Amino acid sequence: MKGNNSSKKRWATTILMTGIILTGMMPAGSIVKAVSRDDSVISTQESSQLINDTKSGFEKITEDADAQKAKEDSSIVTNKETTVTEDKNVPAVKDDTTKTKEDSSTAKVNKAAAVKAAVPTAGYTGPTTRVINTDWDTGTDYANSSASAYVSPSGEQGRNDEPVLYFGNSKFAFQPSSFTNNNSYDSISNPSSWVYTDNSPKNPNPIKYYGIIIKDAIPVDRGYAVGLSSPPISTIESAVGRRPSASNKINGYHLYKNKAGTGFKAIMYDTVYKLSYTFEEMYDTNGGLYSYFSITNSDTKSQSIGAVEGVDTYVDNDAVPVNSLGPGNGFKMVGTAHTLNFSLRDPNTNAKLGGWTNYTAGNVNTSTANPKKILNVANIAQYFNGGVRGTGMEDSTAGTNIGVYNIKDPSKTLTGTRSERDSGFIIKTNSNMLAPGETLTNGSYLTYKEVTPSVPPVATVTSPTINAYADQKDALTIKGKVSDVDSTKGRIKLTYEDGSMSSMSDNKYDTTTVGKSIDYSAAIDVSKLKVGSNKIVVAAVDENDFEQDTPVTVTVNLFKLGATPVMQRIKTGETVSTDESKLVTNITIMNSNRHTLIIDSKNPSGKPLNNKVPGFYIQDMTLTDITTSPKEVVNIPVPVNVTDDDTVVENNSAVYAHSFSTTSDAISVLTNKAALDAFILKNSEAKGWMLTTGDESKVSVESTTLTTTSGGDQTATITNADGKKITITITIAGGLKIAAAPDAMNYGATDGVMLPYSSENFNLQRQDNSTAKVSISNMGKQGWNLSARVSKDLTSGSNTLTGVLEYIGKDNVATDLDSGGVIVGTSDRIENQDVTWDAKQGIIVNLNGNNASLKAGKYVGEIEWTLTDAP
């Protein structure tokens with residue numbers, strides 16, 4: 001059986017007819033072993049199926065006044081790294097440390113004050129943001145000569161009829177004071193100059209006093225005016241410098257001019273409250289004075305800090321009316337020869353300057369008619385409703401007379417003797433929590449001239465609502481008209497919902513004629529919009545950066561054509577619904593009454609529907625808005641899950657596998673579990689997928705009864721990665737093979753046979769009948785037939801013996817094996833069966849008269865056994 005294997009269904013056996021002699025007896029020759037043929041098996045049934053894988057000269061730093069009032073937050077804006085008082089509409093100017101050294105002589109200057117996380121060191125810490133974009137000359141410190149050092153709008157010294165500013169006088173080392181002319185103080189000989197309270201060149205007006213608010217209260221040692229009997233130190237000004245009682249309360253005082261000679265900068269450190277103060281005041285070319293007061297928390301913990309400023313003014317006879325400049329804008333005092341304007345807005349651009357939010361005016365001195373002077377800290381509730389945190393006259397309508405004795409009766413004007421008509425005002429910013437290193441900045445503008453702000457331009461819009469698709473860029477423009485009564489050039493500023501604005505170089509216009517109205521077109525930045533409703537604020541800004549008072553709002557309804565596909569589930573052989581309401585929901589479209597939804601036969605998703613095979617597919621739909629030109633078109637991929645009885649679907653996923661048949665031959669070569677599992681997955685065409693996306697949910701064999709020697713029906717449970725399971729049946733056809741056959745069968749007597757020369761018929765018996773059997777292995781217990789035929793004639797040398805090999809069955813009928821295969825055994829449908837014969841049946845050698853010419857010798861031939869399936 002050399003070369004034989006266990007899957008043989010064809011076998012060859014050597015037939016030997018021992019020593020046929022004419023006379024006498026001869027010993028039998030050697031037995032020749034059978035030769036195994038590697039013929040193909042009778043039938044192999046295989047099936048395979050393709051599985052598709054589915055796969056201005058000054059920078060203004062402030063907060064909007066109305067918003068501050070509503071929040072009771074005057075000016076603090078926090079950034080991840082720095083905290084500054086900041087104007088929403090005007091960018092802050094960061095300090096240029098290459099040009100400016102804040103204080104070269106102050107010990108332990110904190111150069112990292114701009115970093116919020118840094119712990120401040122003891123001593124002055126500068127504000128986190130510069131409020132005046134200028135170069136300070138720190139080479140000369142004017143702290144010890146502040147009573148004689150001054151700046152002017154031109155930067156020159158000793159010029160006639162020019163306003164000047166001192167940062168000190170004979171009483172205080174530090175006190176911002178300004179007057180009209182530095183050469184003549186006599187109101188009679190120089191009517192253009194101011195008249196001062198004591199006609200002294202060392203006590204000019206207006207005089208400013210600064211204080212702080214700590215935890216919503218004004219400390220008596222840091223108030224906003226002098227004159228209280230106790231304690232002797234009541235203001236920041238009086239705590240600086242010359243008094244023994246002021247020693248070490250506020251130190252590190254330094255005073256610098258800018259290089260142009262038009263402004264002062266004073267810095268100092270409050271050792272009691274651990275606060276750094278920065279004062280910056282600068283003239284513009286019109287003689288107006290920009291003033292900023294910054295407080296930086298130099299403590300290592302957060303503090304609740306506010307600011308307050310009291311101003312003693314003298315306008316002509318000091319009994320002039322106080323008139324509002326408009327809500328939140330400030331006020332003016334108009335005398336017979338002069339006007340003092342205090343404004344919270346830039347006179348050129350009308351932009352908010354700083355964090356001051358509350359102010360009031362009144363009488364500086366005490367009198368019978370007015371027993372509570374406005375600069376007395378104890379009287380703050382008299383002029384601010386509710387005390388320190390209360391409101392004043394800042395909501396007054398423009399032109400309203402707001403000269404007051406009592407805030408509750410603002411119609412009263414300053415009357416009486418001169419001392420009873422000594423006018424002044426107070427401004428403040430309510431407390432805000434400052435983290436270490438954070439800064440609160442307040443700004444204002446003071447001028448001796450009438451403040452006449454520019455008239456802002458006005459833009460209107462043609463359509464307050466715009467409907468468009470995101471890719472229709474031509475439609476995404478805002479159109480309207482713009483005009484300006486005192487300017488011709490400007491731009492249309494668009495402010496988006498995220499706070500970003502159009503570039504200053506975009507949407508320019510030129511009316512060519514003052515007061516003329518022209519059409520404009522402003523492009524919308526699509527990247528700033530989201531699908532849905534978007535609000536865009538439209539405002540005209542003239543060439544002087546004066547912005548439209550009341551902007552207009554445009555609503556842009558941005559559409560992105562689309563719809564939400566509805567997942568489909570159909571059985572094999574079924575078709576997908578054509579009902580739009582069942583295919584898609586939530587259509588985003590400009591006009592839902594004019595659209596179409598049809599199948600896209602090109603299937604751009606690449607997973608065309610096959611309703612014959614379970615799995616995940618895409619039925620692409622084309623959604624078209626036919627109202628647009630060109631038509632707006634979008635692809636809607638509708639997921640389709642095709643299932644059958646061999647599919648398990650639960651929740652979000654599916655697993656598919658079908659039962660199959662195989663043969664014992666096919667499984668006998670599978671040597672390990674991995675090979676068996678792979679065999680099962682392949683032949684069952686198992687697959688798993690997610691219902692909504694079609695993503696693969698990997699399948700595996702969880703368990704199986706199949707082994708390499710199995711027969712009959714076996715089972716396997718297949719699961720996907722999502723835990724869905726399906727159990728299939730594996731039918732094993734076969735296990736049918738010739739397990740063994742005789743290597744050789746010998747015929748004749750041991751000592752030979754005498755063959756007479758006659759026509760006598762007789763059979764030669766097999767020498768060992770017990771070896772004359774064919775063993776059949778039938779694991780599938782199926783039907784079979786075993787047949788035999790002569791595959792090589794009996795020969796001895798050149799002699800051939802034919803027609804002598806026959807099969808005799810149980811019916812004793814002899815059938816010649818030379819003429820073809822003869823069935824010699826049938827199945828009993830058991831796993832193991834031997835085909836045997838008794839001594840007179842099976843394969844025999846029949847000698848008869850036809851063999852009269854037979855020559856003596858040992859004849860060798862071959863019988864081929866063939867096993868075939870049977871019903």
# chains A, B, ... in the order shown; residues from 1 in each chain; ligands from 1
call {"tool": "residues_around", "arguments": {"residues": "Asn591 in chain A", "least_positions_apart": "6", "cutoff": "10 Å", "atoms": "only C-alpha atoms", "output": "list of chain:residue names"}}
result
A:Asp625, A:Ile626, A:Thr627, A:Thr628
call {"tool": "write_last_selection", "arguments": {"atoms": "C-alpha atoms", "output": "PDB file, in the first residue's frame"}}
result
ATOM      1  CA  ASP A 625     -33.557  72.640  -4.606  1.00  0.00           C
ATOM      2  CA  ILE A 626     -34.994  73.631  -7.949  1.00  0.00           C
ATOM      3  CA  THR A 627     -35.628  77.260  -6.896  1.00  0.00           C
ATOM      4  CA  THR A 628     -31.966  78.266  -7.119  1.00  0.00           C
TER       5      THR A 628
END
call {"tool": "select_by_dssp", "arguments": {"residues": "range 415-558 of chain A", "states": "strand (DSSP E)", "output": "mmCIF file with N, CA, C and O atoms, in the first residue's frame"}}
result
data_model
loop_
_atom_site.group_PDB
_atom_site.id
_atom_site.type_symbol
_atom_site.label_atom_id
_atom_site.label_comp_id
_atom_site.auth_asym_id
_atom_site.auth_seq_id
_atom_site.Cartn_x
_atom_site.Cartn_y
_atom_site.Cartn_z
ATOM 1 N N SER A 423 -17.732 124.970 43.036
ATOM 2 C CA SER A 423 -18.192 123.730 42.382
ATOM 3 C C SER A 423 -17.084 122.686 42.270
ATOM 4 O O SER A 423 -15.896 122.990 42.221
ATOM 5 N N GLY A 424 -17.491 121.485 42.213
ATOM 6 C CA GLY A 424 -16.589 120.352 41.989
ATOM 7 C C GLY A 424 -17.373 119.136 41.545
ATOM 8 O O GLY A 424 -18.601 119.161 41.446
ATOM 9 N N PHE A 425 -16.652 118.052 41.288
ATOM 10 C CA PHE A 425 -17.353 116.823 40.908
ATOM 11 C C PHE A 425 -16.565 115.609 41.386
ATOM 12 O O PHE A 425 -15.393 115.695 41.742
ATOM 13 N N ILE A 426 -17.227 114.485 41.409
ATOM 14 C CA ILE A 426 -16.635 113.203 41.809
ATOM 15 C C ILE A 426 -16.974 112.164 40.748
ATOM 16 O O ILE A 426 -18.103 112.125 40.248
ATOM 17 N N ILE A 427 -16.002 111.335 40.450
ATOM 18 C CA ILE A 427 -16.236 110.188 39.553
ATOM 19 C C ILE A 427 -15.691 108.942 40.246
ATOM 20 O O ILE A 427 -14.786 109.018 41.073
ATOM 21 N N LYS A 428 -16.260 107.790 39.910
ATOM 22 C CA LYS A 428 -15.794 106.558 40.555
ATOM 23 C C LYS A 428 -16.054 105.340 39.683
ATOM 24 O O LYS A 428 -16.848 105.382 38.721
ATOM 25 N N THR A 429 -15.349 104.298 40.035
ATOM 26 C CA THR A 429 -15.576 102.971 39.463
ATOM 27 C C THR A 429 -15.809 102.027 40.627
ATOM 28 O O THR A 429 -14.996 101.957 41.548
ATOM 29 N N ASN A 430 -16.901 101.331 40.634
ATOM 30 C CA ASN A 430 -17.191 100.419 41.731
ATOM 31 C C ASN A 430 -16.194 99.280 41.810
ATOM 32 O O ASN A 430 -15.508 98.950 40.834
ATOM 33 N N SER A 431 -16.124 98.652 42.971
ATOM 34 C CA SER A 431 -15.116 97.618 43.228
ATOM 35 C C SER A 431 -15.248 96.429 42.303
ATOM 36 O O SER A 431 -16.354 96.002 41.962
ATOM 37 N N ASN A 432 -14.094 95.902 41.956
ATOM 38 C CA ASN A 432 -14.006 94.667 41.176
ATOM 39 C C ASN A 432 -12.904 93.811 41.774
ATOM 40 O O ASN A 432 -11.932 94.324 42.320
ATOM 41 N N MET A 433 -13.066 92.523 41.697
ATOM 42 C CA MET A 433 -12.067 91.621 42.257
ATOM 43 C C MET A 433 -10.872 91.548 41.319
ATOM 44 O O MET A 433 -11.005 91.126 40.173
ATOM 45 N N LEU A 434 -9.703 91.945 41.832
ATOM 46 C CA LEU A 434 -8.477 91.900 41.049
ATOM 47 C C LEU A 434 -7.602 90.766 41.554
ATOM 48 O O LEU A 434 -7.265 90.707 42.740
ATOM 49 N N THR A 439 -5.021 94.570 36.582
ATOM 50 C CA THR A 439 -5.046 96.031 36.579
ATOM 51 C C THR A 439 -6.440 96.565 36.292
ATOM 52 O O THR A 439 -7.157 96.027 35.446
ATOM 53 N N LEU A 440 -6.802 97.638 37.007
ATOM 54 C CA LEU A 440 -8.033 98.374 36.767
ATOM 55 C C LEU A 440 -7.629 99.749 36.236
ATOM 56 O O LEU A 440 -6.863 100.459 36.875
ATOM 57 N N THR A 441 -8.109 100.113 35.050
ATOM 58 C CA THR A 441 -7.716 101.383 34.432
ATOM 59 C C THR A 441 -8.941 102.231 34.135
ATOM 60 O O THR A 441 -9.933 101.735 33.610
ATOM 61 N N ASN A 442 -8.859 103.524 34.487
ATOM 62 C CA ASN A 442 -9.945 104.464 34.242
ATOM 63 C C ASN A 442 -9.411 105.651 33.446
ATOM 64 O O ASN A 442 -8.301 106.120 33.696
ATOM 65 N N GLY A 443 -10.192 106.120 32.484
ATOM 66 C CA GLY A 443 -9.728 107.209 31.636
ATOM 67 C C GLY A 443 -10.793 108.263 31.408
ATOM 68 O O GLY A 443 -11.994 107.985 31.450
ATOM 69 N N SER A 444 -10.338 109.491 31.165
ATOM 70 C CA SER A 444 -11.263 110.593 30.893
ATOM 71 C C SER A 444 -10.544 111.644 30.054
ATOM 72 O O SER A 444 -9.335 111.549 29.810
ATOM 73 N N TYR A 445 -11.304 112.625 29.608
ATOM 74 C CA TYR A 445 -10.761 113.706 28.778
ATOM 75 C C TYR A 445 -11.261 115.028 29.345
ATOM 76 O O TYR A 445 -12.460 115.212 29.577
ATOM 77 N N LEU A 446 -10.319 115.968 29.581
ATOM 78 C CA LEU A 446 -10.639 117.272 30.143
ATOM 79 C C LEU A 446 -10.172 118.346 29.169
ATOM 80 O O LEU A 446 -9.042 118.303 28.688
ATOM 81 N N THR A 447 -11.046 119.300 28.883
ATOM 82 C CA THR A 447 -10.671 120.361 27.959
ATOM 83 C C THR A 447 -11.330 121.667 28.369
ATOM 84 O O THR A 447 -12.364 121.675 29.050
ATOM 85 N N VAL A 458 -24.048 107.110 9.068
ATOM 86 C CA VAL A 458 -25.215 106.245 9.249
ATOM 87 C C VAL A 458 -25.324 105.300 8.055
ATOM 88 O O VAL A 458 -25.288 105.736 6.905
ATOM 89 N N ALA A 459 -25.422 104.047 8.332
ATOM 90 C CA ALA A 459 -25.623 103.034 7.288
ATOM 91 C C ALA A 459 -26.953 102.348 7.519
ATOM 92 O O ALA A 459 -27.335 102.061 8.657
ATOM 93 N N THR A 465 -32.861 90.609 6.358
ATOM 94 C CA THR A 465 -32.764 89.147 6.403
ATOM 95 C C THR A 465 -32.208 88.644 5.085
ATOM 96 O O THR A 465 -32.688 89.030 4.006
ATOM 97 N N ILE A 466 -31.218 87.785 5.152
ATOM 98 C CA ILE A 466 -30.608 87.189 3.969
ATOM 99 C C ILE A 466 -30.695 85.677 4.097
ATOM 100 O O ILE A 466 -30.274 85.105 5.110
ATOM 101 N N ASN A 467 -31.265 85.049 3.092
ATOM 102 C CA ASN A 467 -31.306 83.593 3.036
ATOM 103 C C ASN A 467 -30.392 83.141 1.909
ATOM 104 O O ASN A 467 -30.505 83.628 0.778
ATOM 105 N N ALA A 468 -29.518 82.234 2.200
ATOM 106 C CA ALA A 468 -28.561 81.796 1.170
ATOM 107 C C ALA A 468 -27.963 80.462 1.567
ATOM 108 O O ALA A 468 -28.018 80.038 2.731
ATOM 109 N N TYR A 469 -27.412 79.780 0.543
ATOM 110 C CA TYR A 469 -26.612 78.586 0.784
ATOM 111 C C TYR A 469 -25.159 79.000 0.980
ATOM 112 O O TYR A 469 -24.701 80.018 0.448
ATOM 113 N N THR A 477 -23.722 88.991 0.624
ATOM 114 C CA THR A 477 -23.280 90.373 0.773
ATOM 115 C C THR A 477 -24.412 91.164 1.405
ATOM 116 O O THR A 477 -25.592 90.851 1.223
ATOM 117 N N ILE A 478 -24.036 92.177 2.144
ATOM 118 C CA ILE A 478 -25.020 93.075 2.749
ATOM 119 C C ILE A 478 -25.032 94.353 1.925
ATOM 120 O O ILE A 478 -23.982 94.959 1.693
ATOM 121 N N LYS A 479 -26.196 94.761 1.487
ATOM 122 C CA LYS A 479 -26.326 95.952 0.659
ATOM 123 C C LYS A 479 -27.174 96.985 1.387
ATOM 124 O O LYS A 479 -28.027 96.649 2.213
ATOM 125 N N GLY A 480 -26.919 98.250 1.089
ATOM 126 C CA GLY A 480 -27.678 99.309 1.709
ATOM 127 C C GLY A 480 -27.168 100.670 1.298
ATOM 128 O O GLY A 480 -26.483 100.802 0.272
ATOM 129 N N LYS A 481 -27.459 101.678 2.091
ATOM 130 C CA LYS A 481 -27.012 103.036 1.806
ATOM 131 C C LYS A 481 -26.261 103.579 3.014
ATOM 132 O O LYS A 481 -26.532 103.205 4.161
ATOM 133 N N VAL A 482 -25.304 104.475 2.758
ATOM 134 C CA VAL A 482 -24.519 105.092 3.813
ATOM 135 C C VAL A 482 -24.398 106.580 3.522
ATOM 136 O O VAL A 482 -24.296 107.005 2.365
ATOM 137 N N SER A 483 -24.404 107.405 4.601
ATOM 138 C CA SER A 483 -24.248 108.851 4.458
ATOM 139 C C SER A 483 -23.578 109.400 5.712
ATOM 140 O O SER A 483 -23.575 108.761 6.770
ATOM 141 N N LYS A 489 -15.596 109.807 3.621
ATOM 142 C CA LYS A 489 -14.989 108.482 3.483
ATOM 143 C C LYS A 489 -15.153 107.657 4.750
ATOM 144 O O LYS A 489 -15.256 108.185 5.855
ATOM 145 N N GLY A 490 -15.147 106.388 4.555
ATOM 146 C CA GLY A 490 -15.241 105.489 5.696
ATOM 147 C C GLY A 490 -15.353 104.048 5.247
ATOM 148 O O GLY A 490 -15.013 103.693 4.112
ATOM 149 N N ARG A 491 -15.848 103.219 6.121
ATOM 150 C CA ARG A 491 -16.001 101.787 5.826
ATOM 151 C C ARG A 491 -17.231 101.244 6.537
ATOM 152 O O ARG A 491 -17.718 101.844 7.509
ATOM 153 N N ILE A 492 -17.708 100.137 6.038
ATOM 154 C CA ILE A 492 -18.814 99.440 6.680
ATOM 155 C C ILE A 492 -18.216 98.331 7.534
ATOM 156 O O ILE A 492 -17.563 97.418 7.012
ATOM 157 N N LYS A 493 -18.411 98.416 8.833
ATOM 158 C CA LYS A 493 -17.859 97.413 9.751
ATOM 159 C C LYS A 493 -18.912 96.358 10.061
ATOM 160 O O LYS A 493 -20.038 96.676 10.444
ATOM 161 N N LEU A 494 -18.522 95.117 9.876
ATOM 162 C CA LEU A 494 -19.400 93.996 10.203
ATOM 163 C C LEU A 494 -18.859 93.315 11.451
ATOM 164 O O LEU A 494 -17.679 92.962 11.511
ATOM 165 N N THR A 495 -19.712 93.122 12.424
ATOM 166 C CA THR A 495 -19.327 92.420 13.651
ATOM 167 C C THR A 495 -20.123 91.131 13.740
ATOM 168 O O THR A 495 -21.354 91.133 13.708
ATOM 169 N N LYS A 508 -14.810 99.559 2.015
ATOM 170 C CA LYS A 508 -14.609 101.011 2.010
ATOM 171 C C LYS A 508 -15.699 101.707 1.185
ATOM 172 O O LYS A 508 -16.252 101.133 0.245
ATOM 173 N N TYR A 509 -15.992 102.955 1.550
ATOM 174 C CA TYR A 509 -16.922 103.756 0.764
ATOM 175 C C TYR A 509 -16.408 105.189 0.679
ATOM 176 O O TYR A 509 -15.586 105.632 1.489
ATOM 177 N N ASP A 510 -16.893 105.942 -0.304
ATOM 178 C CA ASP A 510 -16.555 107.353 -0.483
ATOM 179 C C ASP A 510 -17.779 108.033 -1.083
ATOM 180 O O ASP A 510 -18.139 107.792 -2.238
ATOM 181 N N ILE A 518 -25.042 107.163 -0.571
ATOM 182 C CA ILE A 518 -24.667 106.282 -1.686
ATOM 183 C C ILE A 518 -24.919 104.829 -1.310
ATOM 184 O O ILE A 518 -25.061 104.477 -0.137
ATOM 185 N N ASP A 519 -24.974 104.010 -2.343
ATOM 186 C CA ASP A 519 -25.129 102.576 -2.133
ATOM 187 C C ASP A 519 -23.790 101.971 -1.726
ATOM 188 O O ASP A 519 -22.726 102.393 -2.172
ATOM 189 N N TYR A 520 -23.851 100.949 -0.889
ATOM 190 C CA TYR A 520 -22.644 100.191 -0.537
ATOM 191 C C TYR A 520 -22.948 98.696 -0.628
ATOM 192 O O TYR A 520 -24.119 98.278 -0.635
ATOM 193 N N SER A 521 -21.895 97.925 -0.671
ATOM 194 C CA SER A 521 -22.017 96.468 -0.656
ATOM 195 C C SER A 521 -20.894 95.921 0.223
ATOM 196 O O SER A 521 -19.721 96.173 -0.044
ATOM 197 N N ALA A 522 -21.252 95.198 1.272
ATOM 198 C CA ALA A 522 -20.274 94.657 2.222
ATOM 199 C C ALA A 522 -20.260 93.140 2.139
ATOM 200 O O ALA A 522 -21.304 92.486 2.306
ATOM 201 N N ALA A 523 -19.091 92.589 1.855
ATOM 202 C CA ALA A 523 -18.971 91.134 1.729
ATOM 203 C C ALA A 523 -18.983 90.475 3.100
ATOM 204 O O ALA A 523 -18.348 90.950 4.045
ATOM 205 N N GLY A 532 -27.680 77.870 9.993
ATOM 206 C CA GLY A 532 -28.749 78.349 10.855
ATOM 207 C C GLY A 532 -28.787 79.859 10.866
ATOM 208 O O GLY A 532 -28.353 80.510 9.912
ATOM 209 N N SER A 533 -29.287 80.437 11.942
ATOM 210 C CA SER A 533 -29.445 81.876 12.038
ATOM 211 C C SER A 533 -28.181 82.535 12.570
ATOM 212 O O SER A 533 -27.595 82.076 13.553
ATOM 213 N N ASN A 534 -27.741 83.604 11.911
ATOM 214 C CA ASN A 534 -26.554 84.352 12.306
ATOM 215 C C ASN A 534 -26.894 85.840 12.359
ATOM 216 O O ASN A 534 -27.512 86.365 11.434
ATOM 217 N N LYS A 535 -26.485 86.500 13.435
ATOM 218 C CA LYS A 535 -26.706 87.932 13.582
ATOM 219 C C LYS A 535 -25.403 88.668 13.257
ATOM 220 O O LYS A 535 -24.362 88.383 13.835
ATOM 221 N N ILE A 536 -25.482 89.617 12.333
ATOM 222 C CA ILE A 536 -24.336 90.440 11.974
ATOM 223 C C ILE A 536 -24.691 91.896 12.234
ATOM 224 O O ILE A 536 -25.703 92.397 11.728
ATOM 225 N N VAL A 537 -23.869 92.567 13.044
ATOM 226 C CA VAL A 537 -24.098 93.984 13.358
ATOM 227 C C VAL A 537 -23.386 94.826 12.311
ATOM 228 O O VAL A 537 -22.195 94.658 12.053
ATOM 229 N N VAL A 538 -24.121 95.731 11.705
ATOM 230 C CA VAL A 538 -23.609 96.573 10.627
ATOM 231 C C VAL A 538 -23.529 98.009 11.125
ATOM 232 O O VAL A 538 -24.516 98.561 11.611
ATOM 233 N N ALA A 539 -22.329 98.606 11.016
ATOM 234 C CA ALA A 539 -22.140 99.991 11.445
ATOM 235 C C ALA A 539 -21.184 100.686 10.502
ATOM 236 O O ALA A 539 -20.187 100.106 10.065
ATOM 237 N N ALA A 540 -21.493 101.933 10.185
ATOM 238 C CA ALA A 540 -20.587 102.742 9.374
ATOM 239 C C ALA A 540 -19.558 103.389 10.297
ATOM 240 O O ALA A 540 -19.876 103.828 11.402
ATOM 241 N N VAL A 541 -18.293 103.424 9.853
ATOM 242 C CA VAL A 541 -17.203 104.044 10.605
ATOM 243 C C VAL A 541 -16.505 105.027 9.672
ATOM 244 O O VAL A 541 -16.047 104.635 8.588
ATOM 245 N N ASP A 542 -16.428 106.311 10.085
ATOM 246 C CA ASP A 542 -15.820 107.277 9.172
ATOM 247 C C ASP A 542 -14.304 107.239 9.266
ATOM 248 O O ASP A 542 -13.725 106.469 10.040
ATOM 249 N N VAL A 552 -27.185 98.675 12.836
ATOM 250 C CA VAL A 552 -28.322 97.853 12.434
ATOM 251 C C VAL A 552 -27.881 96.390 12.424
ATOM 252 O O VAL A 552 -26.702 96.084 12.293
ATOM 253 N N THR A 553 -28.840 95.531 12.573
ATOM 254 C CA THR A 553 -28.550 94.098 12.623
ATOM 255 C C THR A 553 -29.156 93.390 11.428
ATOM 256 O O THR A 553 -30.327 93.607 11.089
ATOM 257 N N VAL A 554 -28.358 92.563 10.804
ATOM 258 C CA VAL A 554 -28.813 91.747 9.672
ATOM 259 C C VAL A 554 -28.796 90.282 10.118
ATOM 260 O O VAL A 554 -27.821 89.819 10.723
ATOM 261 N N THR A 555 -29.864 89.598 9.831
ATOM 262 C CA THR A 555 -29.935 88.165 10.128
ATOM 263 C C THR A 555 -29.630 87.381 8.856
ATOM 264 O O THR A 555 -30.299 87.556 7.841
ATOM 265 N N VAL A 556 -28.623 86.555 8.922
ATOM 266 C CA VAL A 556 -28.270 85.700 7.791
ATOM 267 C C VAL A 556 -28.668 84.271 8.139
ATOM 268 O O VAL A 556 -28.122 83.663 9.063
ATOM 269 N N ASN A 557 -29.661 83.788 7.428
ATOM 270 C CA ASN A 557 -30.066 82.391 7.581
ATOM 271 C C ASN A 557 -29.287 81.581 6.570
ATOM 272 O O ASN A 557 -29.570 81.607 5.370
ATOM 273 N N LEU A 558 -28.290 80.881 7.068
ATOM 274 C CA LEU A 558 -27.391 80.134 6.187
ATOM 275 C C LEU A 558 -27.852 78.686 6.100
ATOM 276 O O LEU A 558 -28.034 78.011 7.127
#
call {"tool": "residues_around", "arguments": {"residues": "range 292-302 of chain A", "least_positions_apart": "2", "cutoff": "6 Å", "atoms": "only C-alpha atoms", "output": "list in words"}}
result
Val119, Pro120, Pro127, Lys274, Leu275, Ser276, Tyr277, Thr278, Phe279, Glu280, Leu434, Ala435, Pro436, Gly437, Glu438, Thr439, Leu440, Thr441, Asn442 and Gly443 of chain A
call {"tool": "residues_around", "arguments": {"residues": "Gly263 in chain A", "least_positions_apart": "2", "cutoff": "6 Å", "atoms": "only C-alpha atoms", "output": "PDB file with C-alpha atoms, in the first residue's frame"}}
result
ATOM      1  CA  VAL A 151       4.108 119.877  30.293  1.00  0.00           C
ATOM      2  CA  LYS A 257       7.801 113.242  31.049  1.00  0.00           C
ATOM      3  CA  ASN A 258       7.338 111.838  27.628  1.00  0.00           C
ATOM      4  CA  GLY A 261       7.095 117.134  26.555  1.00  0.00           C
ATOM      5  CA  GLU A 281      -1.845 112.489  31.571  1.00  0.00           C
ATOM      6  CA  MET A 282      -1.141 113.905  28.155  1.00  0.00           C
TER       7      MET A 282
END
call {"tool": "atom_distance", "arguments": {"atom1": "CA of Gln619 in chain A", "atom2": "CA of Val576 in chain A"}}
result
8.5 Å
call {"tool": "residues_around", "arguments": {"residues": "Asp645 in chain A", "least_positions_apart": "2", "cutoff": "10 Å", "atoms": "only C-alpha atoms", "output": "NGL selection string"}}
result
:A and (571-572 or 614 or 643 or 647-648 or 656-658)
call {"tool": "write_last_selection", "arguments": {"atoms": "C-alpha atoms", "output": "short mmCIF file (atom, residue, chain, number, x, y, z; two decimals), in the first residue's frame"}}
result
data_model
loop_
_atom_site.label_atom_id
_atom_site.label_comp_id
_atom_site.auth_asym_id
_atom_site.auth_seq_id
_atom_site.Cartn_x
_atom_site.Cartn_y
_atom_site.Cartn_z
CA LYS A 571 -35.52 41.26 3.50
CA THR A 572 -33.67 39.68 0.60
CA PRO A 614 -27.53 40.03 3.16
CA THR A 643 -31.27 40.54 5.98
CA THR A 647 -29.24 37.10 9.89
CA VAL A 648 -29.47 38.12 13.53
CA TYR A 656 -24.92 36.77 9.23
CA ALA A 657 -23.91 33.17 8.56
CA HIS A 658 -25.59 30.21 6.82
#
call {"tool": "atom_distance", "arguments": {"atom1": "CA of Asn376 in chain A", "atom2": "CA of Ile267 in chain A"}}
result
25.6 Å
call {"tool": "residues_around", "arguments": {"residues": "Glu237 in chain A", "least_positions_apart": "6", "cutoff": "7 Å", "atoms": "only C-alpha atoms", "output": "PyMOL selection string"}}
result
chain A and resi 172+174-175+209-210
call {"tool": "write_last_selection", "arguments": {"atoms": "N, CA and C atoms", "output": "tab-separated table (two decimals), in the first residue's frame"}}
result
chain	number	residue	atom	x	y	z
A	172	PHE	N	1.50	119.64	47.92
A	172	PHE	CA	1.66	118.21	47.69
A	172	PHE	C	2.77	117.94	46.69
A	174	PHE	N	2.83	115.37	44.98
A	174	PHE	CA	2.12	114.81	43.83
A	174	PHE	C	0.68	115.28	43.86
A	175	GLN	N	0.28	116.01	42.81
A	175	GLN	CA	-1.13	116.35	42.59
A	175	GLN	C	-1.30	116.91	41.19
A	209	TYR	N	-7.92	115.00	43.12
A	209	TYR	CA	-7.61	114.18	44.29
A	209	TYR	C	-8.02	112.74	43.96
A	210	TYR	N	-7.14	111.80	44.28
A	210	TYR	CA	-7.43	110.40	43.95
A	210	TYR	C	-7.59	109.57	45.20
call {"tool": "decode", "arguments": {"residues": "range 676-680 of chain A", "atoms": "C-alpha atoms", "output": "short mmCIF file (atom, residue, chain, number, x, y, z; two decimals), in the first residue's frame"}}
result
data_model
loop_
_atom_site.label_atom_id
_atom_site.label_comp_id
_atom_site.auth_asym_id
_atom_site.auth_seq_id
_atom_site.Cartn_x
_atom_site.Cartn_y
_atom_site.Cartn_z
CA LEU A 676 -11.28 24.89 11.64
CA ASP A 677 -12.57 28.37 12.62
CA ALA A 678 -11.32 29.91 9.39
CA PHE A 679 -12.95 27.04 7.45
CA ILE A 680 -16.29 27.63 9.18
#
